[in-house]
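Heads up, query_16.cif below (mmCIF, N, CA and C atoms):
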```cif
data_my_file
#
loop_
_atom_site.label_atom_id
_atom_site.label_comp_id
_atom_site.auth_asym_id
_atom_site.auth_seq_id
_atom_site.Cartn_x
_atom_site.Cartn_y
_atom_site.Cartn_z
N MET S 256 20.04 -14.52 -14.48
CA MET S 256 18.94 -13.94 -15.21
C MET S 256 17.64 -14.60 -14.75
N SER S 257 16.66 -13.78 -14.45
CA SER S 257 15.35 -14.30 -14.07
C SER S 257 14.64 -14.88 -15.28
N THR S 258 13.99 -16.02 -15.09
CA THR S 258 13.24 -16.64 -16.18
C THR S 258 11.74 -16.44 -16.00
N THR S 259 11.35 -15.60 -15.05
CA THR S 259 9.94 -15.31 -14.86
C THR S 259 9.60 -14.00 -15.55
N ARG S 260 8.36 -13.87 -15.93
CA ARG S 260 7.91 -12.65 -16.61
C ARG S 260 8.08 -11.44 -15.72
N ILE S 261 8.40 -10.35 -16.36
CA ILE S 261 8.61 -9.07 -15.68
C ILE S 261 7.57 -8.09 -16.22
N ARG S 262 7.01 -7.30 -15.34
CA ARG S 262 6.06 -6.27 -15.76
C ARG S 262 6.49 -4.92 -15.20
N LEU S 263 6.11 -3.88 -15.91
CA LEU S 263 6.38 -2.52 -15.46
C LEU S 263 5.09 -1.73 -15.56
N LEU S 264 4.95 -0.77 -14.66
CA LEU S 264 3.89 0.22 -14.73
C LEU S 264 4.57 1.57 -14.65
N VAL S 265 4.35 2.39 -15.67
CA VAL S 265 4.97 3.71 -15.75
C VAL S 265 3.85 4.74 -15.76
N ALA S 266 3.94 5.77 -14.92
CA ALA S 266 2.94 6.83 -14.87
C ALA S 266 3.56 8.12 -15.40
N LEU S 267 2.81 8.79 -16.25
CA LEU S 267 3.27 10.03 -16.88
C LEU S 267 2.17 11.08 -16.83
N ASP S 268 2.56 12.32 -16.60
CA ASP S 268 1.64 13.45 -16.70
C ASP S 268 2.04 14.24 -17.94
N ILE S 269 1.10 14.39 -18.86
CA ILE S 269 1.37 15.04 -20.13
C ILE S 269 1.31 16.56 -19.95
N HIS S 270 2.32 17.24 -20.48
CA HIS S 270 2.37 18.70 -20.39
C HIS S 270 1.20 19.32 -21.16
N GLU S 271 0.72 20.43 -20.64
CA GLU S 271 -0.40 21.15 -21.25
C GLU S 271 -0.08 21.46 -22.71
N GLY S 272 -1.01 21.13 -23.59
CA GLY S 272 -0.87 21.43 -25.01
C GLY S 272 0.09 20.51 -25.77
N LYS S 273 0.54 19.43 -25.14
CA LYS S 273 1.54 18.55 -25.77
C LYS S 273 1.00 17.16 -26.09
N LEU S 274 -0.31 16.98 -26.03
CA LEU S 274 -0.87 15.65 -26.26
C LEU S 274 -0.54 15.11 -27.64
N ALA S 275 -0.64 15.94 -28.67
CA ALA S 275 -0.37 15.46 -30.04
C ALA S 275 1.08 14.99 -30.17
N GLU S 276 2.02 15.75 -29.61
CA GLU S 276 3.43 15.34 -29.65
C GLU S 276 3.63 14.06 -28.85
N PHE S 277 3.00 13.99 -27.68
CA PHE S 277 3.09 12.79 -26.85
C PHE S 277 2.59 11.58 -27.62
N GLU S 278 1.45 11.72 -28.27
CA GLU S 278 0.86 10.61 -29.01
C GLU S 278 1.77 10.14 -30.14
N ALA S 279 2.37 11.08 -30.85
CA ALA S 279 3.26 10.73 -31.96
C ALA S 279 4.48 9.94 -31.46
N ILE S 280 5.05 10.36 -30.35
CA ILE S 280 6.20 9.66 -29.78
C ILE S 280 5.78 8.29 -29.25
N ALA S 281 4.63 8.23 -28.58
CA ALA S 281 4.13 6.96 -28.05
C ALA S 281 3.94 5.94 -29.17
N LYS S 282 3.40 6.38 -30.31
CA LYS S 282 3.22 5.47 -31.44
C LYS S 282 4.55 4.91 -31.92
N GLN S 283 5.57 5.76 -31.96
CA GLN S 283 6.91 5.30 -32.36
C GLN S 283 7.47 4.30 -31.35
N MET S 284 7.22 4.57 -30.07
CA MET S 284 7.70 3.66 -29.03
C MET S 284 7.03 2.29 -29.14
N VAL S 285 5.74 2.29 -29.43
CA VAL S 285 5.02 1.02 -29.60
C VAL S 285 5.59 0.27 -30.80
N ALA S 286 5.80 0.97 -31.91
CA ALA S 286 6.33 0.32 -33.11
C ALA S 286 7.71 -0.28 -32.86
N ALA S 287 8.56 0.45 -32.15
CA ALA S 287 9.91 -0.05 -31.85
C ALA S 287 9.84 -1.25 -30.91
N SER S 288 9.00 -1.18 -29.90
CA SER S 288 8.90 -2.25 -28.91
C SER S 288 8.25 -3.51 -29.49
N GLU S 289 7.36 -3.32 -30.45
CA GLU S 289 6.68 -4.46 -31.07
C GLU S 289 7.66 -5.38 -31.81
N LYS S 290 8.79 -4.85 -32.22
CA LYS S 290 9.81 -5.62 -32.93
C LYS S 290 10.65 -6.48 -31.99
N GLU S 291 10.57 -6.23 -30.70
CA GLU S 291 11.37 -6.97 -29.71
C GLU S 291 10.66 -8.28 -29.37
N PRO S 292 11.29 -9.42 -29.67
CA PRO S 292 10.60 -10.70 -29.46
C PRO S 292 10.24 -11.00 -28.01
N GLY S 293 10.98 -10.46 -27.05
CA GLY S 293 10.70 -10.73 -25.64
C GLY S 293 9.72 -9.77 -25.01
N THR S 294 9.23 -8.80 -25.79
CA THR S 294 8.24 -7.86 -25.27
C THR S 294 6.85 -8.43 -25.53
N LEU S 295 6.15 -8.75 -24.45
CA LEU S 295 4.82 -9.36 -24.54
C LEU S 295 3.70 -8.33 -24.52
N LEU S 296 3.93 -7.21 -23.87
CA LEU S 296 2.90 -6.21 -23.65
C LEU S 296 3.55 -4.84 -23.64
N TYR S 297 2.98 -3.91 -24.37
CA TYR S 297 3.49 -2.53 -24.38
C TYR S 297 2.30 -1.66 -24.76
N HIS S 298 1.63 -1.12 -23.77
CA HIS S 298 0.33 -0.50 -24.01
C HIS S 298 0.19 0.82 -23.25
N PHE S 299 -0.02 1.91 -23.99
CA PHE S 299 -0.29 3.21 -23.39
C PHE S 299 -1.79 3.35 -23.17
N VAL S 300 -2.20 3.83 -22.00
CA VAL S 300 -3.60 4.12 -21.71
C VAL S 300 -3.69 5.54 -21.14
N LEU S 301 -4.76 6.25 -21.50
CA LEU S 301 -4.94 7.63 -21.06
C LEU S 301 -6.11 7.76 -20.10
N SER S 302 -6.01 8.73 -19.20
CA SER S 302 -7.12 9.08 -18.32
C SER S 302 -8.21 9.76 -19.16
N SER S 303 -9.41 9.85 -18.62
CA SER S 303 -10.52 10.43 -19.36
C SER S 303 -10.28 11.89 -19.73
N ASP S 304 -9.49 12.62 -18.93
CA ASP S 304 -9.19 14.02 -19.27
C ASP S 304 -7.98 14.14 -20.19
N ARG S 305 -7.36 13.00 -20.53
CA ARG S 305 -6.23 12.92 -21.46
C ARG S 305 -5.00 13.70 -20.98
N LYS S 306 -4.87 13.82 -19.67
CA LYS S 306 -3.72 14.51 -19.08
C LYS S 306 -2.74 13.54 -18.42
N HIS S 307 -3.21 12.35 -18.11
CA HIS S 307 -2.40 11.37 -17.39
C HIS S 307 -2.34 10.09 -18.21
N CYS S 308 -1.19 9.47 -18.21
CA CYS S 308 -0.99 8.26 -18.99
C CYS S 308 -0.35 7.18 -18.12
N ARG S 309 -0.70 5.96 -18.41
CA ARG S 309 -0.01 4.81 -17.83
C ARG S 309 0.52 3.98 -18.99
N LEU S 310 1.73 3.53 -18.84
CA LEU S 310 2.32 2.62 -19.81
C LEU S 310 2.47 1.27 -19.12
N LEU S 311 1.80 0.26 -19.67
CA LEU S 311 1.86 -1.10 -19.14
C LEU S 311 2.84 -1.88 -20.01
N GLU S 312 3.82 -2.50 -19.38
CA GLU S 312 4.83 -3.25 -20.11
C GLU S 312 4.94 -4.66 -19.54
N GLY S 313 5.20 -5.62 -20.41
CA GLY S 313 5.40 -7.00 -19.98
C GLY S 313 6.47 -7.67 -20.82
N TYR S 314 7.32 -8.46 -20.17
CA TYR S 314 8.46 -9.09 -20.82
C TYR S 314 8.56 -10.56 -20.43
N THR S 315 9.12 -11.35 -21.32
CA THR S 315 9.26 -12.79 -21.06
C THR S 315 10.15 -13.08 -19.87
N ASP S 316 11.19 -12.27 -19.68
CA ASP S 316 12.15 -12.50 -18.59
C ASP S 316 13.05 -11.27 -18.45
N SER S 317 13.98 -11.33 -17.53
CA SER S 317 14.85 -10.18 -17.28
C SER S 317 15.74 -9.87 -18.48
N GLY S 318 16.12 -10.88 -19.26
CA GLY S 318 16.91 -10.64 -20.46
C GLY S 318 16.16 -9.78 -21.46
N ALA S 319 14.87 -10.02 -21.60
CA ALA S 319 14.05 -9.23 -22.52
C ALA S 319 13.92 -7.79 -22.05
N VAL S 320 13.82 -7.58 -20.73
CA VAL S 320 13.78 -6.21 -20.20
C VAL S 320 15.10 -5.51 -20.53
N GLY S 321 16.21 -6.22 -20.34
CA GLY S 321 17.52 -5.66 -20.65
C GLY S 321 17.64 -5.26 -22.11
N GLU S 322 17.15 -6.11 -23.01
CA GLU S 322 17.19 -5.78 -24.44
C GLU S 322 16.32 -4.57 -24.74
N HIS S 323 15.17 -4.47 -24.09
CA HIS S 323 14.30 -3.31 -24.28
C HIS S 323 15.00 -2.03 -23.83
N PHE S 324 15.66 -2.08 -22.68
CA PHE S 324 16.34 -0.90 -22.16
C PHE S 324 17.49 -0.46 -23.07
N LYS S 325 18.04 -1.37 -23.85
CA LYS S 325 19.11 -1.04 -24.79
C LYS S 325 18.57 -0.61 -26.16
N GLY S 326 17.28 -0.80 -26.37
CA GLY S 326 16.67 -0.57 -27.68
C GLY S 326 16.26 0.86 -27.94
N ALA S 327 15.71 1.07 -29.13
CA ALA S 327 15.35 2.41 -29.60
C ALA S 327 14.30 3.09 -28.73
N ALA S 328 13.32 2.34 -28.24
CA ALA S 328 12.26 2.97 -27.45
C ALA S 328 12.83 3.68 -26.24
N VAL S 329 13.73 3.04 -25.52
CA VAL S 329 14.30 3.63 -24.31
C VAL S 329 15.43 4.60 -24.64
N GLN S 330 16.34 4.18 -25.49
CA GLN S 330 17.54 4.99 -25.75
C GLN S 330 17.27 6.26 -26.55
N HIS S 331 16.33 6.21 -27.50
CA HIS S 331 16.11 7.36 -28.37
C HIS S 331 14.77 8.06 -28.16
N LEU S 332 13.74 7.30 -27.84
CA LEU S 332 12.41 7.89 -27.77
C LEU S 332 12.01 8.34 -26.37
N VAL S 333 12.43 7.65 -25.33
CA VAL S 333 12.10 8.10 -23.97
C VAL S 333 12.60 9.52 -23.71
N PRO S 334 13.83 9.87 -24.10
CA PRO S 334 14.26 11.26 -23.89
C PRO S 334 13.34 12.28 -24.58
N GLN S 335 12.82 11.93 -25.76
CA GLN S 335 11.88 12.82 -26.44
C GLN S 335 10.56 12.90 -25.68
N LEU S 336 10.09 11.74 -25.20
CA LEU S 336 8.83 11.70 -24.47
C LEU S 336 8.90 12.56 -23.21
N LEU S 337 10.04 12.53 -22.55
CA LEU S 337 10.18 13.28 -21.29
C LEU S 337 10.32 14.79 -21.50
N LYS S 338 10.32 15.23 -22.74
CA LYS S 338 10.26 16.67 -23.05
C LYS S 338 8.81 17.15 -23.08
N VAL S 339 7.86 16.21 -23.21
CA VAL S 339 6.45 16.58 -23.29
C VAL S 339 5.61 15.96 -22.18
N ALA S 340 6.26 15.24 -21.27
CA ALA S 340 5.55 14.61 -20.15
C ALA S 340 6.51 14.44 -18.98
N ASP S 341 5.94 14.42 -17.78
CA ASP S 341 6.73 14.17 -16.57
C ASP S 341 6.51 12.74 -16.11
N LEU S 342 7.60 12.06 -15.81
CA LEU S 342 7.53 10.72 -15.22
C LEU S 342 7.17 10.89 -13.75
N THR S 343 6.05 10.33 -13.33
CA THR S 343 5.63 10.48 -11.93
C THR S 343 5.80 9.20 -11.12
N MET S 344 5.94 8.06 -11.82
CA MET S 344 6.10 6.80 -11.10
C MET S 344 6.57 5.72 -12.07
N ILE S 345 7.41 4.83 -11.56
CA ILE S 345 7.75 3.63 -12.30
C ILE S 345 7.84 2.49 -11.30
N GLU S 346 7.15 1.40 -11.61
CA GLU S 346 7.15 0.23 -10.74
C GLU S 346 7.54 -1.00 -11.56
N PHE S 347 8.43 -1.80 -10.99
CA PHE S 347 8.83 -3.07 -11.59
C PHE S 347 8.18 -4.18 -10.78
N TYR S 348 7.58 -5.14 -11.48
CA TYR S 348 6.98 -6.31 -10.85
C TYR S 348 7.78 -7.52 -11.32
N GLY S 349 8.65 -8.01 -10.46
CA GLY S 349 9.58 -9.07 -10.81
C GLY S 349 10.99 -8.49 -10.89
N ASP S 350 11.97 -9.34 -10.82
CA ASP S 350 13.38 -8.92 -10.82
C ASP S 350 13.86 -8.69 -12.25
N PRO S 351 14.13 -7.42 -12.62
CA PRO S 351 14.58 -7.14 -13.99
C PRO S 351 16.06 -7.41 -14.22
N GLY S 352 16.78 -7.82 -13.18
CA GLY S 352 18.21 -8.07 -13.30
C GLY S 352 19.03 -6.87 -12.86
N ALA S 353 20.28 -7.13 -12.54
CA ALA S 353 21.16 -6.10 -11.99
C ALA S 353 21.40 -4.95 -12.95
N GLU S 354 21.58 -5.24 -14.23
CA GLU S 354 21.87 -4.20 -15.21
C GLU S 354 20.72 -3.21 -15.34
N VAL S 355 19.51 -3.71 -15.48
CA VAL S 355 18.34 -2.83 -15.60
C VAL S 355 18.08 -2.11 -14.28
N THR S 356 18.23 -2.80 -13.17
CA THR S 356 18.04 -2.16 -11.86
C THR S 356 18.98 -0.98 -11.72
N ALA S 357 20.24 -1.15 -12.10
CA ALA S 357 21.21 -0.05 -12.02
C ALA S 357 20.85 1.07 -12.99
N ALA S 358 20.46 0.73 -14.21
CA ALA S 358 20.11 1.74 -15.21
C ALA S 358 18.88 2.53 -14.80
N ALA S 359 17.93 1.88 -14.14
CA ALA S 359 16.68 2.53 -13.74
C ALA S 359 16.79 3.28 -12.42
N ALA S 360 17.88 3.11 -11.71
CA ALA S 360 18.01 3.69 -10.37
C ALA S 360 17.78 5.20 -10.36
N ARG S 361 18.22 5.89 -11.39
CA ARG S 361 18.06 7.36 -11.44
C ARG S 361 16.59 7.76 -11.53
N LEU S 362 15.72 6.82 -11.90
CA LEU S 362 14.29 7.09 -12.00
C LEU S 362 13.55 6.83 -10.69
N ASN S 363 14.29 6.35 -9.68
CA ASN S 363 13.73 6.06 -8.36
C ASN S 363 12.53 5.11 -8.44
N PRO S 364 12.72 3.94 -9.05
CA PRO S 364 11.60 3.01 -9.19
C PRO S 364 11.25 2.30 -7.90
N SER S 365 10.03 1.82 -7.84
CA SER S 365 9.62 0.89 -6.78
C SER S 365 9.78 -0.50 -7.36
N MET S 366 10.37 -1.39 -6.58
CA MET S 366 10.62 -2.76 -7.04
C MET S 366 9.78 -3.72 -6.21
N PHE S 367 9.03 -4.57 -6.89
CA PHE S 367 8.21 -5.58 -6.23
C PHE S 367 8.64 -6.95 -6.72
N THR S 368 8.77 -7.90 -5.81
CA THR S 368 9.13 -9.26 -6.19
C THR S 368 7.93 -10.17 -5.99
N SER S 369 7.95 -11.27 -6.69
CA SER S 369 6.85 -12.22 -6.63
C SER S 369 6.68 -12.76 -5.21
N PHE S 370 5.46 -12.87 -4.78
CA PHE S 370 5.15 -13.38 -3.45
C PHE S 370 4.41 -14.71 -3.58
N HIS S 371 3.20 -14.67 -4.13
CA HIS S 371 2.40 -15.86 -4.40
C HIS S 371 1.60 -15.61 -5.66
N GLY S 372 1.40 -16.64 -6.43
CA GLY S 372 0.57 -16.50 -7.62
C GLY S 372 1.10 -17.31 -8.78
N PHE S 373 0.50 -17.09 -9.95
CA PHE S 373 0.93 -17.81 -11.14
C PHE S 373 0.76 -16.91 -12.35
N ASP S 374 1.35 -17.33 -13.44
CA ASP S 374 1.33 -16.58 -14.70
C ASP S 374 1.08 -17.58 -15.82
N ARG S 375 0.16 -17.29 -16.70
CA ARG S 375 -0.12 -18.19 -17.84
C ARG S 375 0.29 -17.54 -19.13
#
```

Write-out of the structure in structure tokens:
Amino acid sequence: MSTTRIRLLVALDIHEGKLAEFEAIAKQMVAASEKEPGTLLYHFVLSSDRKHCRLLEGYTDSGAVGEHFKGAAVQHLVPQLLKVADLTMIEFYGDPGAEVTAAAARLNPSMFTSFHGFDR
């Protein structure tokens, strides 16, 4: 298990006329993720035209990412979210561990590993 922080960047395109539904699901996802002690960052941001969204995620380590992937936000709410938005990109920054890597494989993620730098 990696003991370094893991980050994700998720890109979504919101279906026409579905912003209100998207927002309601996103709020539920934030509430569910906020209860996870290893989740450091979980923030939805919208483009100025409110058609494109980025979800910024941060975790204490690969174990926390694994717990998130098993939790309500991913298991119950992501399927609902993908009815009102298209996933256009997912990037992992840091090694999320074998279990999460395998689970995310169907999403065709880009994986980036630490090269140089620090985290506070």

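The list of residues with at least one atom within 9 Å of Thr294 of chain S, based on only C-alpha atoms and without residues fewer than 2 positions apart in the same chain, reads S:Ser288, S:Glu289, S:Lys290, S:Glu291, S:Pro292, S:Leu296, S:Tyr297, S:Glu312, S:Gly313, S:Tyr314, S:Thr315, S:Ala319, S:Val320, S:His323.
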
What would the file look like if the residues just selected were written as a short mmCIF file (atom, residue, chain, number, x, y, z; two decimals), keeping the file's coordinate frame with N, CA and C atoms?
```cif
data_model
loop_
_atom_site.label_atom_id
_atom_site.label_comp_id
_atom_site.auth_asym_id
_atom_site.auth_seq_id
_atom_site.Cartn_x
_atom_site.Cartn_y
_atom_site.Cartn_z
N SER S 288 9.00 -1.18 -29.90
CA SER S 288 8.90 -2.25 -28.91
C SER S 288 8.25 -3.51 -29.49
N GLU S 289 7.36 -3.32 -30.45
CA GLU S 289 6.68 -4.46 -31.07
C GLU S 289 7.66 -5.38 -31.81
N LYS S 290 8.79 -4.85 -32.22
CA LYS S 290 9.81 -5.62 -32.93
C LYS S 290 10.65 -6.48 -31.99
N GLU S 291 10.57 -6.23 -30.70
CA GLU S 291 11.37 -6.97 -29.71
C GLU S 291 10.66 -8.28 -29.37
N PRO S 292 11.29 -9.42 -29.67
CA PRO S 292 10.60 -10.70 -29.46
C PRO S 292 10.24 -11.00 -28.01
N LEU S 296 3.93 -7.21 -23.87
CA LEU S 296 2.90 -6.21 -23.65
C LEU S 296 3.55 -4.84 -23.64
N TYR S 297 2.98 -3.91 -24.37
CA TYR S 297 3.49 -2.53 -24.38
C TYR S 297 2.30 -1.66 -24.76
N GLU S 312 3.82 -2.50 -19.38
CA GLU S 312 4.83 -3.25 -20.11
C GLU S 312 4.94 -4.66 -19.54
N GLY S 313 5.20 -5.62 -20.41
CA GLY S 313 5.40 -7.00 -19.98
C GLY S 313 6.47 -7.67 -20.82
N TYR S 314 7.32 -8.46 -20.17
CA TYR S 314 8.46 -9.09 -20.82
C TYR S 314 8.56 -10.56 -20.43
N THR S 315 9.12 -11.35 -21.32
CA THR S 315 9.26 -12.79 -21.06
C THR S 315 10.15 -13.08 -19.87
N ALA S 319 14.87 -10.02 -21.60
CA ALA S 319 14.05 -9.23 -22.52
C ALA S 319 13.92 -7.79 -22.05
N VAL S 320 13.82 -7.58 -20.73
CA VAL S 320 13.78 -6.21 -20.20
C VAL S 320 15.10 -5.51 -20.53
N HIS S 323 15.17 -4.47 -24.09
CA HIS S 323 14.30 -3.31 -24.28
C HIS S 323 15.00 -2.03 -23.83
#
```

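Residues selected in this file by the PyMOL selection byres ((chain S and resi 332-345) around 5) comprise Leu264, Val265, Ala266, Leu267, Asp268, Ile269, His270, Ala327, Ala328, Val329, Gln330, His331, Glu346, Phe347, Pro364 and Ser365 of chain S.
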
Grab the residues selected above and save them as a PDB file, keeping the file's coordinate frame with N, CA and C atoms.
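What follows is the written file result.pdb:
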```
ATOM      1  N   LEU S 264       4.950  -0.770 -14.660  1.00  0.00           N
ATOM      2  CA  LEU S 264       3.890   0.220 -14.730  1.00  0.00           C
ATOM      3  C   LEU S 264       4.570   1.570 -14.650  1.00  0.00           C
ATOM      4  N   VAL S 265       4.350   2.390 -15.670  1.00  0.00           N
ATOM      5  CA  VAL S 265       4.970   3.710 -15.750  1.00  0.00           C
ATOM      6  C   VAL S 265       3.850   4.740 -15.760  1.00  0.00           C
ATOM      7  N   ALA S 266       3.940   5.770 -14.920  1.00  0.00           N
ATOM      8  CA  ALA S 266       2.940   6.830 -14.870  1.00  0.00           C
ATOM      9  C   ALA S 266       3.560   8.120 -15.400  1.00  0.00           C
ATOM     10  N   LEU S 267       2.810   8.790 -16.250  1.00  0.00           N
ATOM     11  CA  LEU S 267       3.270  10.030 -16.880  1.00  0.00           C
ATOM     12  C   LEU S 267       2.170  11.080 -16.830  1.00  0.00           C
ATOM     13  N   ASP S 268       2.560  12.320 -16.600  1.00  0.00           N
ATOM     14  CA  ASP S 268       1.640  13.450 -16.700  1.00  0.00           C
ATOM     15  C   ASP S 268       2.040  14.240 -17.940  1.00  0.00           C
ATOM     16  N   ILE S 269       1.100  14.390 -18.860  1.00  0.00           N
ATOM     17  CA  ILE S 269       1.370  15.040 -20.130  1.00  0.00           C
ATOM     18  C   ILE S 269       1.310  16.560 -19.950  1.00  0.00           C
ATOM     19  N   HIS S 270       2.320  17.240 -20.480  1.00  0.00           N
ATOM     20  CA  HIS S 270       2.370  18.700 -20.390  1.00  0.00           C
ATOM     21  C   HIS S 270       1.200  19.320 -21.160  1.00  0.00           C
ATOM     22  N   ALA S 327      15.710   1.070 -29.130  1.00  0.00           N
ATOM     23  CA  ALA S 327      15.350   2.410 -29.600  1.00  0.00           C
ATOM     24  C   ALA S 327      14.300   3.090 -28.730  1.00  0.00           C
ATOM     25  N   ALA S 328      13.320   2.340 -28.240  1.00  0.00           N
ATOM     26  CA  ALA S 328      12.260   2.970 -27.450  1.00  0.00           C
ATOM     27  C   ALA S 328      12.830   3.680 -26.240  1.00  0.00           C
ATOM     28  N   VAL S 329      13.730   3.040 -25.520  1.00  0.00           N
ATOM     29  CA  VAL S 329      14.300   3.630 -24.310  1.00  0.00           C
ATOM     30  C   VAL S 329      15.430   4.600 -24.640  1.00  0.00           C
ATOM     31  N   GLN S 330      16.340   4.180 -25.490  1.00  0.00           N
ATOM     32  CA  GLN S 330      17.540   4.990 -25.750  1.00  0.00           C
ATOM     33  C   GLN S 330      17.270   6.260 -26.550  1.00  0.00           C
ATOM     34  N   HIS S 331      16.330   6.210 -27.500  1.00  0.00           N
ATOM     35  CA  HIS S 331      16.110   7.360 -28.370  1.00  0.00           C
ATOM     36  C   HIS S 331      14.770   8.060 -28.160  1.00  0.00           C
ATOM     37  N   GLU S 346       7.150   1.400 -11.610  1.00  0.00           N
ATOM     38  CA  GLU S 346       7.150   0.230 -10.740  1.00  0.00           C
ATOM     39  C   GLU S 346       7.540  -1.000 -11.560  1.00  0.00           C
ATOM     40  N   PHE S 347       8.430  -1.800 -10.990  1.00  0.00           N
ATOM     41  CA  PHE S 347       8.830  -3.070 -11.590  1.00  0.00           C
ATOM     42  C   PHE S 347       8.180  -4.180 -10.780  1.00  0.00           C
ATOM     43  N   PRO S 364      12.720   3.940  -9.050  1.00  0.00           N
ATOM     44  CA  PRO S 364      11.600   3.010  -9.190  1.00  0.00           C
ATOM     45  C   PRO S 364      11.250   2.300  -7.900  1.00  0.00           C
ATOM     46  N   SER S 365      10.030   1.820  -7.840  1.00  0.00           N
ATOM     47  CA  SER S 365       9.620   0.890  -6.780  1.00  0.00           C
ATOM     48  C   SER S 365       9.780  -0.500  -7.360  1.00  0.00           C
TER      49      SER S 365
END
```

Quick check for you: according to DSSP on this backbone, which residues of segment 290-371 of chain S are classed as alpha helix (DSSP H)? Reply as a compact mmCIF listing (two decimals) with N, CA and C atoms, in the frame of the given file.
```txt
# COMPACT_ATOMS: atom_id res chain seq x y z
N SER S 317 13.98 -11.33 -17.53
CA SER S 317 14.85 -10.18 -17.28
C SER S 317 15.74 -9.87 -18.48
N GLY S 318 16.12 -10.88 -19.26
CA GLY S 318 16.91 -10.64 -20.46
C GLY S 318 16.16 -9.78 -21.46
N ALA S 319 14.87 -10.02 -21.60
CA ALA S 319 14.05 -9.23 -22.52
C ALA S 319 13.92 -7.79 -22.05
N VAL S 320 13.82 -7.58 -20.73
CA VAL S 320 13.78 -6.21 -20.20
C VAL S 320 15.10 -5.51 -20.53
N GLY S 321 16.21 -6.22 -20.34
CA GLY S 321 17.52 -5.66 -20.65
C GLY S 321 17.64 -5.26 -22.11
N GLU S 322 17.15 -6.11 -23.01
CA GLU S 322 17.19 -5.78 -24.44
C GLU S 322 16.32 -4.57 -24.74
N HIS S 323 15.17 -4.47 -24.09
CA HIS S 323 14.30 -3.31 -24.28
C HIS S 323 15.00 -2.03 -23.83
N PHE S 324 15.66 -2.08 -22.68
CA PHE S 324 16.34 -0.90 -22.16
C PHE S 324 17.49 -0.46 -23.07
N LYS S 325 18.04 -1.37 -23.85
CA LYS S 325 19.11 -1.04 -24.79
C LYS S 325 18.57 -0.61 -26.16
N ALA S 327 15.71 1.07 -29.13
CA ALA S 327 15.35 2.41 -29.60
C ALA S 327 14.30 3.09 -28.73
N VAL S 333 12.43 7.65 -25.33
CA VAL S 333 12.10 8.10 -23.97
C VAL S 333 12.60 9.52 -23.71
N PRO S 334 13.83 9.87 -24.10
CA PRO S 334 14.26 11.26 -23.89
C PRO S 334 13.34 12.28 -24.58
N GLN S 335 12.82 11.93 -25.76
CA GLN S 335 11.88 12.82 -26.44
C GLN S 335 10.56 12.90 -25.68
N LEU S 336 10.09 11.74 -25.20
CA LEU S 336 8.83 11.70 -24.47
C LEU S 336 8.90 12.56 -23.21
N ALA S 353 20.28 -7.13 -12.54
CA ALA S 353 21.16 -6.10 -11.99
C ALA S 353 21.40 -4.95 -12.95
N GLU S 354 21.58 -5.24 -14.23
CA GLU S 354 21.87 -4.20 -15.21
C GLU S 354 20.72 -3.21 -15.34
N VAL S 355 19.51 -3.71 -15.48
CA VAL S 355 18.34 -2.83 -15.60
C VAL S 355 18.08 -2.11 -14.28
N THR S 356 18.23 -2.80 -13.17
CA THR S 356 18.04 -2.16 -11.86
C THR S 356 18.98 -0.98 -11.72
N ALA S 357 20.24 -1.15 -12.10
CA ALA S 357 21.21 -0.05 -12.02
C ALA S 357 20.85 1.07 -12.99
N ALA S 358 20.46 0.73 -14.21
CA ALA S 358 20.11 1.74 -15.21
C ALA S 358 18.88 2.53 -14.80
N ALA S 359 17.93 1.88 -14.14
CA ALA S 359 16.68 2.53 -13.74
C ALA S 359 16.79 3.28 -12.42
```

| field | Who sits within 12 Å of Asp316 of chain S, only C-alpha atoms, same chain under 6 positions skipped, as a ChimeraX atom specification | value | /S:256-263,292-295,322-323,348-352,355

| field | Shortest interatomic distance to Ser317 of chain S - which of S:Gly372, S:Phe277, S:Met366, S:Ala353, counting only N, CA and C atoms | value | S:Ala353

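The two atoms in question, atom CA of Val285 of chain S and atom CA of Leu301 of chain S, are spaced 14.7 Å apart.
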
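From atom CA of Arg309 of chain S back to atom CA of Ala281 of chain S, the distance works out to 11.2 Å.
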
| task | Enumerate, as a ChimeraX atom specification, the complete set of residues in chain S that a backbone-based DSSP assignment places in strand (DSSP E). | result | /S:261-269,294-301,307-314,340-348,365-367

| note | Restricting to only C-alpha atoms, whichever of S:Lys273, S:Met284, S:Glu354, S:Asn363 is closest to Leu310 of chain S is S:Met284

| Expressed in Å to a single decimal, how great is the separation between atom CA of Phe299 of chain S and atom C of Ala279 of chain S? | 11.5 Å
